[in-house]
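**Student:** This one is structure_14.txt, compact mmCIF, C-alpha atoms.
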```txt
# COMPACT_ATOMS: atom_id res chain seq x y z
CA MET A 1 -0.55 -7.05 -100.21
CA LYS A 2 1.86 -5.31 -102.60
CA LEU A 3 5.49 -6.47 -102.53
CA GLU A 4 8.65 -5.37 -104.35
CA LEU A 5 10.40 -7.80 -106.69
CA TYR A 6 13.88 -7.48 -108.18
CA GLN A 7 15.52 -9.88 -110.63
CA ILE A 8 19.31 -9.91 -110.63
CA ASP A 9 21.76 -11.83 -112.83
CA ALA A 10 24.56 -13.01 -110.51
CA PHE A 11 28.18 -13.96 -111.25
CA THR A 12 28.24 -11.98 -114.48
CA GLU A 13 28.94 -8.52 -115.85
CA SER A 14 26.13 -8.59 -118.43
CA ILE A 15 22.45 -9.44 -118.49
CA PHE A 16 21.25 -12.75 -119.96
CA HIS A 17 24.31 -14.43 -118.45
CA GLY A 18 25.12 -15.70 -114.97
CA ASN A 19 22.40 -17.05 -112.70
CA PRO A 20 19.11 -15.15 -112.34
CA ALA A 21 17.67 -14.78 -108.84
CA CYS A 22 14.63 -12.93 -107.60
CA VAL A 23 14.93 -10.80 -104.46
CA VAL A 24 11.92 -9.88 -102.31
CA PRO A 25 12.25 -7.47 -99.33
CA LEU A 26 9.80 -8.12 -96.48
CA LYS A 27 8.75 -6.27 -93.33
CA ASN A 28 7.55 -9.47 -91.60
CA TRP A 29 7.85 -13.13 -92.48
CA LEU A 30 4.99 -14.62 -94.47
CA PRO A 31 3.98 -18.26 -93.94
CA ASP A 32 6.45 -20.69 -95.49
CA GLU A 33 3.82 -22.05 -97.88
CA ILE A 34 3.33 -18.53 -99.27
CA LEU A 35 7.08 -18.01 -99.69
CA LEU A 36 7.25 -21.30 -101.57
CA LYS A 37 4.34 -20.29 -103.82
CA ILE A 38 6.05 -17.00 -104.62
CA ALA A 39 9.28 -18.84 -105.51
CA ARG A 40 7.30 -21.22 -107.70
CA GLU A 41 5.57 -18.32 -109.47
CA ASN A 42 8.89 -16.58 -110.10
CA ALA A 43 10.15 -19.73 -111.89
CA VAL A 44 13.86 -19.06 -111.39
CA ALA A 45 16.29 -21.32 -109.56
CA GLU A 46 16.16 -19.29 -106.31
CA THR A 47 14.11 -16.52 -104.75
CA ALA A 48 15.71 -14.71 -101.81
CA PHE A 49 13.55 -13.15 -99.11
CA PHE A 50 15.05 -10.78 -96.56
CA ILE A 51 14.14 -8.63 -93.58
CA ASP A 52 16.44 -5.76 -92.59
CA ASN A 53 16.83 -5.91 -88.78
CA GLY A 54 19.28 -3.01 -88.61
CA ASN A 55 22.59 -4.58 -87.62
CA THR A 56 21.93 -7.79 -89.54
CA ILE A 57 19.69 -8.87 -92.38
CA HIS A 58 17.71 -12.10 -92.03
CA LEU A 59 17.97 -13.93 -95.36
CA ARG A 60 16.21 -17.07 -96.61
CA TRP A 61 16.38 -18.85 -99.97
CA PHE A 62 13.63 -20.83 -101.70
CA THR A 63 13.70 -22.88 -104.88
CA PRO A 64 10.36 -23.65 -106.56
CA GLU A 65 10.39 -26.89 -104.52
CA ILE A 66 12.13 -26.37 -101.15
CA GLU A 67 13.85 -23.97 -98.77
CA MET A 68 17.63 -24.17 -99.20
CA ASP A 69 20.31 -24.22 -96.50
CA LEU A 70 22.69 -22.08 -98.56
CA CYS A 71 22.60 -20.29 -101.91
CA GLY A 72 25.50 -18.27 -103.26
CA HIS A 73 24.02 -16.57 -106.30
CA ALA A 74 20.87 -15.43 -104.47
CA THR A 75 23.04 -14.06 -101.64
CA LEU A 76 25.09 -12.12 -104.19
CA ALA A 77 21.87 -10.92 -105.85
CA THR A 78 20.49 -9.73 -102.49
CA ALA A 79 23.68 -7.84 -101.69
CA HIS A 80 23.61 -6.22 -105.14
CA CYS A 81 19.94 -5.29 -104.68
CA LEU A 82 20.65 -3.70 -101.28
CA VAL A 83 23.68 -1.70 -102.45
CA SER A 84 22.78 -0.70 -106.00
CA ILE A 85 18.99 -0.26 -105.68
CA LEU A 86 18.00 0.16 -102.02
CA ASN A 87 20.88 2.48 -101.04
CA TYR A 88 22.37 0.30 -98.30
CA GLN A 89 25.09 2.51 -96.83
CA SER A 90 27.75 0.03 -95.69
CA ASP A 91 30.36 -1.80 -97.74
CA ARG A 92 29.85 -4.83 -95.46
CA ILE A 93 26.59 -6.75 -95.11
CA ILE A 94 25.97 -9.42 -92.46
CA PHE A 95 23.26 -11.91 -93.37
CA GLU A 96 21.66 -14.09 -90.71
CA THR A 97 20.90 -17.43 -92.40
CA LYS A 98 20.34 -21.16 -91.89
CA SER A 99 24.09 -21.60 -92.47
CA GLY A 100 24.99 -19.08 -89.76
CA ASP A 101 26.05 -15.47 -90.21
CA LEU A 102 27.36 -14.79 -93.73
CA THR A 103 29.43 -11.68 -94.41
CA VAL A 104 29.55 -9.97 -97.79
CA ASP A 105 32.17 -7.29 -98.45
CA ILE A 106 31.76 -5.01 -101.45
CA LYS A 107 34.70 -3.45 -103.29
CA ASP A 108 34.78 -1.95 -106.80
CA GLY A 109 31.54 -3.65 -107.80
CA VAL A 110 32.67 -7.12 -106.68
CA TYR A 111 30.79 -8.95 -103.90
CA TYR A 112 33.04 -11.07 -101.67
CA MET A 113 30.95 -13.68 -99.82
CA ASP A 114 32.43 -15.42 -96.77
CA PHE A 115 30.98 -18.95 -96.75
CA PRO A 116 31.63 -22.17 -94.81
CA SER A 117 34.15 -24.59 -96.32
CA ARG A 118 32.78 -28.05 -97.20
CA MET A 119 35.73 -30.20 -98.18
CA PRO A 120 34.39 -33.29 -99.98
CA THR A 121 35.65 -36.75 -99.07
CA PRO A 122 35.99 -39.88 -101.23
CA SER A 123 32.67 -41.57 -101.90
CA THR A 124 30.88 -43.96 -104.21
CA LEU A 125 28.30 -42.89 -106.75
CA PRO A 126 24.71 -44.19 -106.50
CA ASP A 127 23.84 -46.42 -109.41
CA ASN A 128 21.01 -44.19 -110.66
CA ILE A 129 23.38 -41.23 -110.97
CA SER A 130 26.11 -43.30 -112.61
CA ARG A 131 23.73 -44.75 -115.21
CA SER A 132 22.33 -41.29 -115.99
CA LEU A 133 25.74 -39.89 -117.06
CA THR A 134 26.97 -40.14 -120.65
CA ILE A 135 30.58 -39.85 -119.41
CA GLN A 136 31.75 -41.53 -116.22
CA PRO A 137 33.91 -39.62 -113.70
CA LYS A 138 37.49 -40.54 -112.84
CA GLU A 139 36.94 -39.83 -109.12
CA VAL A 140 33.92 -39.39 -106.83
CA PHE A 141 33.75 -37.25 -103.69
CA LYS A 142 30.90 -35.97 -101.51
CA ALA A 143 30.07 -33.20 -99.04
CA ARG A 144 26.56 -31.73 -99.30
CA ASP A 145 26.87 -32.38 -103.04
CA TYR A 146 28.47 -35.16 -105.02
CA VAL A 147 31.68 -33.90 -106.64
CA LEU A 148 32.55 -35.84 -109.81
CA VAL A 149 36.05 -35.21 -111.13
CA TYR A 150 36.88 -35.52 -114.84
CA ASP A 151 39.99 -35.35 -117.01
CA SER A 152 39.22 -32.26 -119.05
CA GLU A 153 37.02 -29.21 -119.61
CA GLU A 154 35.87 -30.85 -122.85
CA ASP A 155 34.41 -33.73 -120.81
CA ILE A 156 32.51 -31.25 -118.64
CA LYS A 157 31.10 -29.47 -121.71
CA ASN A 158 30.01 -32.73 -123.31
CA ILE A 159 28.33 -34.47 -120.34
CA LYS A 160 24.63 -35.13 -120.79
CA ILE A 161 22.15 -36.32 -118.17
CA GLU A 162 19.45 -38.95 -118.78
CA ARG A 163 16.85 -37.29 -116.61
CA SER A 164 14.50 -40.26 -116.29
CA LEU A 165 17.28 -42.10 -114.43
CA PHE A 166 18.73 -39.06 -112.65
CA ASP A 167 15.36 -38.13 -111.14
CA LEU A 168 15.01 -41.52 -109.44
CA ILE A 169 17.15 -40.19 -106.58
CA ASN A 170 16.47 -37.34 -104.15
CA LEU A 171 19.52 -35.53 -102.75
CA ASP A 172 17.56 -32.83 -100.91
CA PRO A 173 19.08 -30.26 -100.54
CA GLY A 174 22.17 -31.32 -102.51
CA GLY A 175 23.03 -31.93 -106.12
CA VAL A 176 25.74 -33.25 -108.42
CA ILE A 177 28.80 -31.21 -109.40
CA VAL A 178 30.91 -32.23 -112.39
CA THR A 179 34.34 -30.56 -112.49
CA SER A 180 37.80 -30.52 -114.03
CA THR A 181 40.74 -28.19 -114.45
CA GLY A 182 40.04 -25.38 -116.92
CA THR A 183 41.69 -24.25 -120.14
CA ASP A 184 41.48 -20.52 -119.27
CA SER A 185 40.62 -20.84 -115.59
CA ASP A 186 41.86 -22.85 -112.63
CA PHE A 187 38.82 -25.09 -112.75
CA VAL A 188 35.41 -25.40 -114.38
CA SER A 189 32.17 -26.99 -113.24
CA ARG A 190 28.52 -27.65 -113.96
CA TYR A 191 25.78 -28.38 -111.41
CA PHE A 192 22.70 -30.61 -111.66
CA THR A 193 19.85 -31.16 -109.21
CA PRO A 194 17.66 -34.30 -109.43
CA GLN A 195 13.89 -33.88 -109.09
CA SER A 196 14.22 -30.13 -109.60
CA SER A 197 12.17 -28.03 -112.01
CA ILE A 198 15.49 -26.60 -113.28
CA LEU A 199 17.85 -29.51 -113.99
CA GLU A 200 21.06 -27.53 -114.53
CA ASP A 201 21.80 -24.52 -112.37
CA PRO A 202 23.54 -21.79 -114.40
CA VAL A 203 26.03 -20.72 -111.69
CA THR A 204 26.14 -22.26 -108.21
CA GLY A 205 27.94 -20.30 -105.51
CA SER A 206 27.27 -22.85 -102.76
CA ALA A 207 28.85 -25.64 -104.83
CA HIS A 208 32.12 -23.73 -104.59
CA CYS A 209 32.11 -24.29 -100.82
CA SER A 210 33.36 -27.75 -101.83
CA LEU A 211 35.10 -26.94 -105.11
CA ILE A 212 37.38 -24.27 -103.61
CA PRO A 213 39.00 -26.39 -100.87
CA PHE A 214 39.18 -29.37 -103.23
CA TRP A 215 40.95 -27.55 -106.07
CA SER A 216 43.02 -25.45 -103.68
CA ALA A 217 44.50 -28.64 -102.23
CA ARG A 218 44.93 -30.29 -105.63
CA LEU A 219 46.45 -27.27 -107.38
CA GLY A 220 48.46 -26.01 -104.39
CA LYS A 221 47.11 -22.46 -104.46
CA ASP A 222 44.61 -20.48 -102.39
CA GLN A 223 43.58 -17.86 -104.97
CA LEU A 224 41.53 -19.41 -107.77
CA PHE A 225 39.55 -18.25 -110.78
CA ALA A 226 36.63 -20.48 -111.73
CA ARG A 227 34.10 -20.70 -114.54
CA GLN A 228 30.77 -22.47 -114.45
CA ILE A 229 30.27 -23.52 -118.06
CA SER A 230 26.52 -23.83 -118.27
CA GLU A 231 24.75 -22.34 -121.30
CA ARG A 232 24.52 -18.94 -119.56
CA GLY A 233 27.96 -19.22 -117.95
CA GLY A 234 29.48 -17.37 -115.02
CA GLN A 235 32.76 -16.33 -113.43
CA LEU A 236 33.76 -16.72 -109.79
CA TYR A 237 36.77 -15.32 -107.93
CA CYS A 238 37.66 -17.73 -105.16
CA GLU A 239 39.87 -17.91 -102.10
CA ASN A 240 40.52 -20.81 -99.75
CA LYS A 241 40.73 -19.77 -96.09
CA ASN A 242 40.79 -23.21 -94.40
CA GLU A 243 37.50 -23.30 -92.43
CA ARG A 244 35.96 -20.65 -94.69
CA VAL A 245 35.96 -19.84 -98.39
CA ILE A 246 35.51 -16.56 -100.25
CA VAL A 247 33.22 -16.77 -103.26
CA ALA A 248 33.16 -13.51 -105.21
CA GLY A 249 31.52 -12.16 -108.32
CA LYS A 250 29.68 -9.32 -110.00
CA ALA A 251 25.99 -8.85 -110.77
CA LYS A 252 23.62 -6.94 -113.07
CA THR A 253 20.05 -5.84 -112.42
CA TYR A 254 17.60 -7.24 -114.98
CA SER A 255 14.21 -5.99 -113.74
CA MET A 256 12.39 -4.15 -110.94
CA GLY A 257 8.69 -4.26 -110.17
CA TYR A 258 5.85 -5.29 -107.89
CA PHE A 259 3.57 -8.24 -107.33
CA TRP A 260 0.48 -8.77 -105.24
CA ILE A 261 -0.63 -11.58 -102.94
CA GLU A 262 -4.00 -12.02 -101.32
```
What is this file in C-alpha cells?
**Tutor:**
Amino acid sequence: MKLELYQIDAFTESIFHGNPACVVPLKNWLPDEILLKIARENAVAETAFFIDNGNTIHLRWFTPEIEMDLCGHATLATAHCLVSILNYQSDRIIFETKSGDLTVDIKDGVYYMDFPSRMPTPSTLPDNISRSLTIQPKEVFKARDYVLVYDSEEDIKNIKIERSLFDLINLDPGGVIVTSTGTDSDFVSRYFTPQSSILEDPVTGSAHCSLIPFWSARLGKDQLFARQISERGGQLYCENKNERVIVAGKAKTYSMGYFWIE
C-alpha cells in the first residue's frame, strides 16, 4: 500500500525551526498498531493521520509511543497541508478528534486553532520530577500537564533535566511545562515528556491550553504573544476565551513524498 507523507514545520515562518510533524492522509483507518509503527518510523514528535469525511475531517495524533488526546502543532501542520498542498477550498476546517470538534480558521497565512481551555490548579510536584530539575520552581500547578512557574526567562533557558530520574515517572499522556514571563514576549515556556523518545518537545500547542488561561489571569490580558524557547524555537499568538483558547501560528512545508506498507 502506497501512502502520501508530508512533513511540516509548525509555529514558525522558516524551515528548521518550530516543531516538525508528519501528516498522512488516509482513505480508511488502518489498525492502531500500524499507525503507531508508522509514527515510530517517522521519528518525529507527532504524526497526524486524517480522513476527509466531507463536512468534517477525522484527525488522530500519534507519538512514537502512544496515541495523544490533543496535539497543537500536528493540528496546525494538518491544516497547512490541507490548505497549501491539497487545495482545501475553505478558510475554516473542522476536525473531529478525541478532544471533540476542533475548528481552525485561516487568515493571511496564520492558522487560528480553537482548543479547550485547561486552567491548571495548585499542586505538588512528585519527588522524581523535583529531583530531576537543576532549578526548582517557585510555584507548581497541574491540569493535564504539570505547570512549573519560574522567576525569569533566564531560568527557563538554563533548566536542565536529569533524565534517569525524570523517566522514573509516567504522566501518560501529559508532560511538564516550565514557564515564566518573557523579555520580548508575554510569556515563555519549554515542555518535557518523561519516558518519551523525544525528551523536549520543540513547540507544544496543547500545553498552551493551560498556559493561556494561566498567564491571561496573571497578566490581566486576553491577547498574548508567547515563545517556546527550545533549541528550534517557535512563536504562538494566543487568545483567552474563557472555556476555550485560541492558539495560532504559521507553518512551512519541509518535504513531500510517499511510503509503502505491506
**Student:** I'd like the neighbourhood of region 90-93 of chain A as a list in words, where a residue qualifies if any of its atoms comes within 8 Å (using all atoms listed in the file), though same-chain residues fewer than 2 positions away should be ignored.
**Tutor:**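 Skipping anything fewer than 2 positions along the chain leaves Thr56, Ile57, Ala79, Tyr88, Phe95, Thr103, Val104, Asp105, Ile106 and Lys107 of chain A.
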**Student:** Take the residues that were just selected and, keeping C-alpha atoms, output them as a short mmCIF file (atom, residue, chain, number, x, y, z; two decimals), in the coordinates of the input.
**Tutor:**
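The resulting part14.cif:
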```cif
data_model
loop_
_atom_site.label_atom_id
_atom_site.label_comp_id
_atom_site.auth_asym_id
_atom_site.auth_seq_id
_atom_site.Cartn_x
_atom_site.Cartn_y
_atom_site.Cartn_z
CA THR A 56 21.93 -7.79 -89.54
CA ILE A 57 19.69 -8.87 -92.38
CA ALA A 79 23.68 -7.84 -101.69
CA TYR A 88 22.37 0.30 -98.30
CA PHE A 95 23.26 -11.91 -93.37
CA THR A 103 29.43 -11.68 -94.41
CA VAL A 104 29.55 -9.97 -97.79
CA ASP A 105 32.17 -7.29 -98.45
CA ILE A 106 31.76 -5.01 -101.45
CA LYS A 107 34.70 -3.45 -103.29
#
```
**Student:** Pick out the closest residue to Val140 (chain A) from this set: A:Thr47, A:Asn170, A:Asn55, A:Thr179. Count all atoms listed in the file.
**Tutor:** A:Thr179
**Student:** Record the distance separating CA of Lys252 (chain A) and CA of Leu199 (chain A), expressed in Å with one decimal.
**Tutor:** 23.3 Å
**Student:** Report, in Å to a single decimal, how far apart CA of Arg60 (chain A) and CA of Phe166 (chain A) are.
**Tutor:** 27.3 Å
**Student:** Pick out the residues sitting within 8 Å of region 111-128 of chain A, and hand them over as a PyMOL selection string; count all atoms listed in the file, and ignore anything fewer than 2 positions along from it in its own chain.
**Tutor:** chain A and resi 72+76+79-80+99+102-107+109+130-132+139-144+146-147+165-166+168-169+209-214+242-250
**Student:** When you get a chance, write out N, CA, C and O atoms for region 106-130 of chain A, as an mmCIF file, in the frame of the given file.
**Tutor:**
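This is the output file result-v3.cif:
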```cif
data_model
loop_
_atom_site.group_PDB
_atom_site.id
_atom_site.type_symbol
_atom_site.label_atom_id
_atom_site.label_comp_id
_atom_site.auth_asym_id
_atom_site.auth_seq_id
_atom_site.Cartn_x
_atom_site.Cartn_y
_atom_site.Cartn_z
ATOM 1 N N ILE A 106 31.913 -5.545 -100.107
ATOM 2 C CA ILE A 106 31.760 -5.010 -101.450
ATOM 3 C C ILE A 106 32.914 -4.079 -101.750
ATOM 4 O O ILE A 106 33.221 -3.166 -100.972
ATOM 5 N N LYS A 107 33.593 -4.306 -102.872
ATOM 6 C CA LYS A 107 34.700 -3.450 -103.290
ATOM 7 C C LYS A 107 34.750 -3.398 -104.808
ATOM 8 O O LYS A 107 34.830 -4.445 -105.469
ATOM 9 N N ASP A 108 34.665 -2.186 -105.361
ATOM 10 C CA ASP A 108 34.780 -1.950 -106.800
ATOM 11 C C ASP A 108 33.796 -2.815 -107.600
ATOM 12 O O ASP A 108 34.135 -3.370 -108.650
ATOM 13 N N GLY A 109 32.573 -2.928 -107.081
ATOM 14 C CA GLY A 109 31.540 -3.650 -107.800
ATOM 15 C C GLY A 109 31.621 -5.159 -107.713
ATOM 16 O O GLY A 109 30.863 -5.866 -108.376
ATOM 17 N N VAL A 110 32.535 -5.677 -106.888
ATOM 18 C CA VAL A 110 32.670 -7.120 -106.680
ATOM 19 C C VAL A 110 32.161 -7.446 -105.278
ATOM 20 O O VAL A 110 32.483 -6.745 -104.311
ATOM 21 N N TYR A 111 31.382 -8.520 -105.171
ATOM 22 C CA TYR A 111 30.790 -8.950 -103.900
ATOM 23 C C TYR A 111 31.560 -10.171 -103.399
ATOM 24 O O TYR A 111 31.567 -11.216 -104.057
ATOM 25 N N TYR A 112 32.207 -10.024 -102.241
ATOM 26 C CA TYR A 112 33.040 -11.070 -101.670
ATOM 27 C C TYR A 112 32.254 -11.743 -100.538
ATOM 28 O O TYR A 112 32.069 -11.159 -99.468
ATOM 29 N N MET A 113 31.804 -12.968 -100.775
ATOM 30 C CA MET A 113 30.950 -13.680 -99.820
ATOM 31 C C MET A 113 31.784 -14.669 -99.014
ATOM 32 O O MET A 113 32.503 -15.512 -99.571
ATOM 33 N N ASP A 114 31.684 -14.567 -97.701
ATOM 34 C CA ASP A 114 32.430 -15.420 -96.770
ATOM 35 C C ASP A 114 31.518 -16.590 -96.381
ATOM 36 O O ASP A 114 30.572 -16.423 -95.616
ATOM 37 N N PHE A 115 31.832 -17.781 -96.913
ATOM 38 C CA PHE A 115 30.980 -18.950 -96.750
ATOM 39 C C PHE A 115 31.728 -20.056 -95.997
ATOM 40 O O PHE A 115 32.965 -20.074 -95.945
ATOM 41 N N PRO A 116 30.981 -21.017 -95.430
ATOM 42 C CA PRO A 116 31.630 -22.170 -94.810
ATOM 43 C C PRO A 116 32.311 -23.062 -95.846
ATOM 44 O O PRO A 116 31.832 -23.210 -96.966
ATOM 45 N N SER A 117 33.453 -23.631 -95.459
ATOM 46 C CA SER A 117 34.150 -24.590 -96.320
ATOM 47 C C SER A 117 33.526 -25.976 -96.138
ATOM 48 O O SER A 117 33.212 -26.376 -95.016
ATOM 49 N N ARG A 118 33.334 -26.685 -97.246
ATOM 50 C CA ARG A 118 32.780 -28.050 -97.200
ATOM 51 C C ARG A 118 33.669 -28.971 -98.028
ATOM 52 O O ARG A 118 33.355 -29.301 -99.165
ATOM 53 N N MET A 119 34.797 -29.334 -97.459
ATOM 54 C CA MET A 119 35.730 -30.200 -98.180
ATOM 55 C C MET A 119 35.079 -31.550 -98.433
ATOM 56 O O MET A 119 34.665 -32.239 -97.494
ATOM 57 N N PRO A 120 34.979 -31.983 -99.703
ATOM 58 C CA PRO A 120 34.390 -33.290 -99.980
ATOM 59 C C PRO A 120 35.368 -34.418 -99.671
ATOM 60 O O PRO A 120 36.586 -34.229 -99.710
ATOM 61 N N THR A 121 34.828 -35.575 -99.355
ATOM 62 C CA THR A 121 35.650 -36.750 -99.070
ATOM 63 C C THR A 121 35.320 -37.859 -100.063
ATOM 64 O O THR A 121 34.241 -37.860 -100.667
ATOM 65 N N PRO A 122 36.244 -38.807 -100.258
ATOM 66 C CA PRO A 122 35.990 -39.880 -101.230
ATOM 67 C C PRO A 122 34.688 -40.605 -100.958
ATOM 68 O O PRO A 122 34.323 -40.847 -99.801
ATOM 69 N N SER A 123 33.987 -40.947 -102.026
ATOM 70 C CA SER A 123 32.670 -41.570 -101.900
ATOM 71 C C SER A 123 32.438 -42.497 -103.082
ATOM 72 O O SER A 123 33.283 -42.627 -103.973
ATOM 73 N N THR A 124 31.316 -43.144 -103.067
ATOM 74 C CA THR A 124 30.880 -43.960 -104.210
ATOM 75 C C THR A 124 29.605 -43.354 -104.766
ATOM 76 O O THR A 124 28.804 -42.755 -104.045
ATOM 77 N N LEU A 125 29.417 -43.535 -106.054
ATOM 78 C CA LEU A 125 28.300 -42.890 -106.750
ATOM 79 C C LEU A 125 27.104 -43.833 -106.787
ATOM 80 O O LEU A 125 27.233 -44.994 -107.198
ATOM 81 N N PRO A 126 25.916 -43.367 -106.372
ATOM 82 C CA PRO A 126 24.710 -44.190 -106.500
ATOM 83 C C PRO A 126 24.498 -44.644 -107.931
ATOM 84 O O PRO A 126 24.774 -43.899 -108.883
ATOM 85 N N ASP A 127 23.990 -45.830 -108.089
ATOM 86 C CA ASP A 127 23.840 -46.420 -109.410
ATOM 87 C C ASP A 127 22.964 -45.580 -110.341
ATOM 88 O O ASP A 127 23.266 -45.441 -111.528
ATOM 89 N N ASN A 128 21.893 -44.999 -109.806
ATOM 90 C CA ASN A 128 21.010 -44.190 -110.660
ATOM 91 C C ASN A 128 21.735 -42.992 -111.248
ATOM 92 O O ASN A 128 21.509 -42.627 -112.407
ATOM 93 N N ILE A 129 22.612 -42.364 -110.451
ATOM 94 C CA ILE A 129 23.380 -41.230 -110.970
ATOM 95 C C ILE A 129 24.382 -41.708 -112.007
ATOM 96 O O ILE A 129 24.509 -41.126 -113.087
ATOM 97 N N SER A 130 25.101 -42.779 -111.689
ATOM 98 C CA SER A 130 26.110 -43.300 -112.610
ATOM 99 C C SER A 130 25.497 -43.650 -113.969
ATOM 100 O O SER A 130 26.022 -43.276 -115.023
#
```
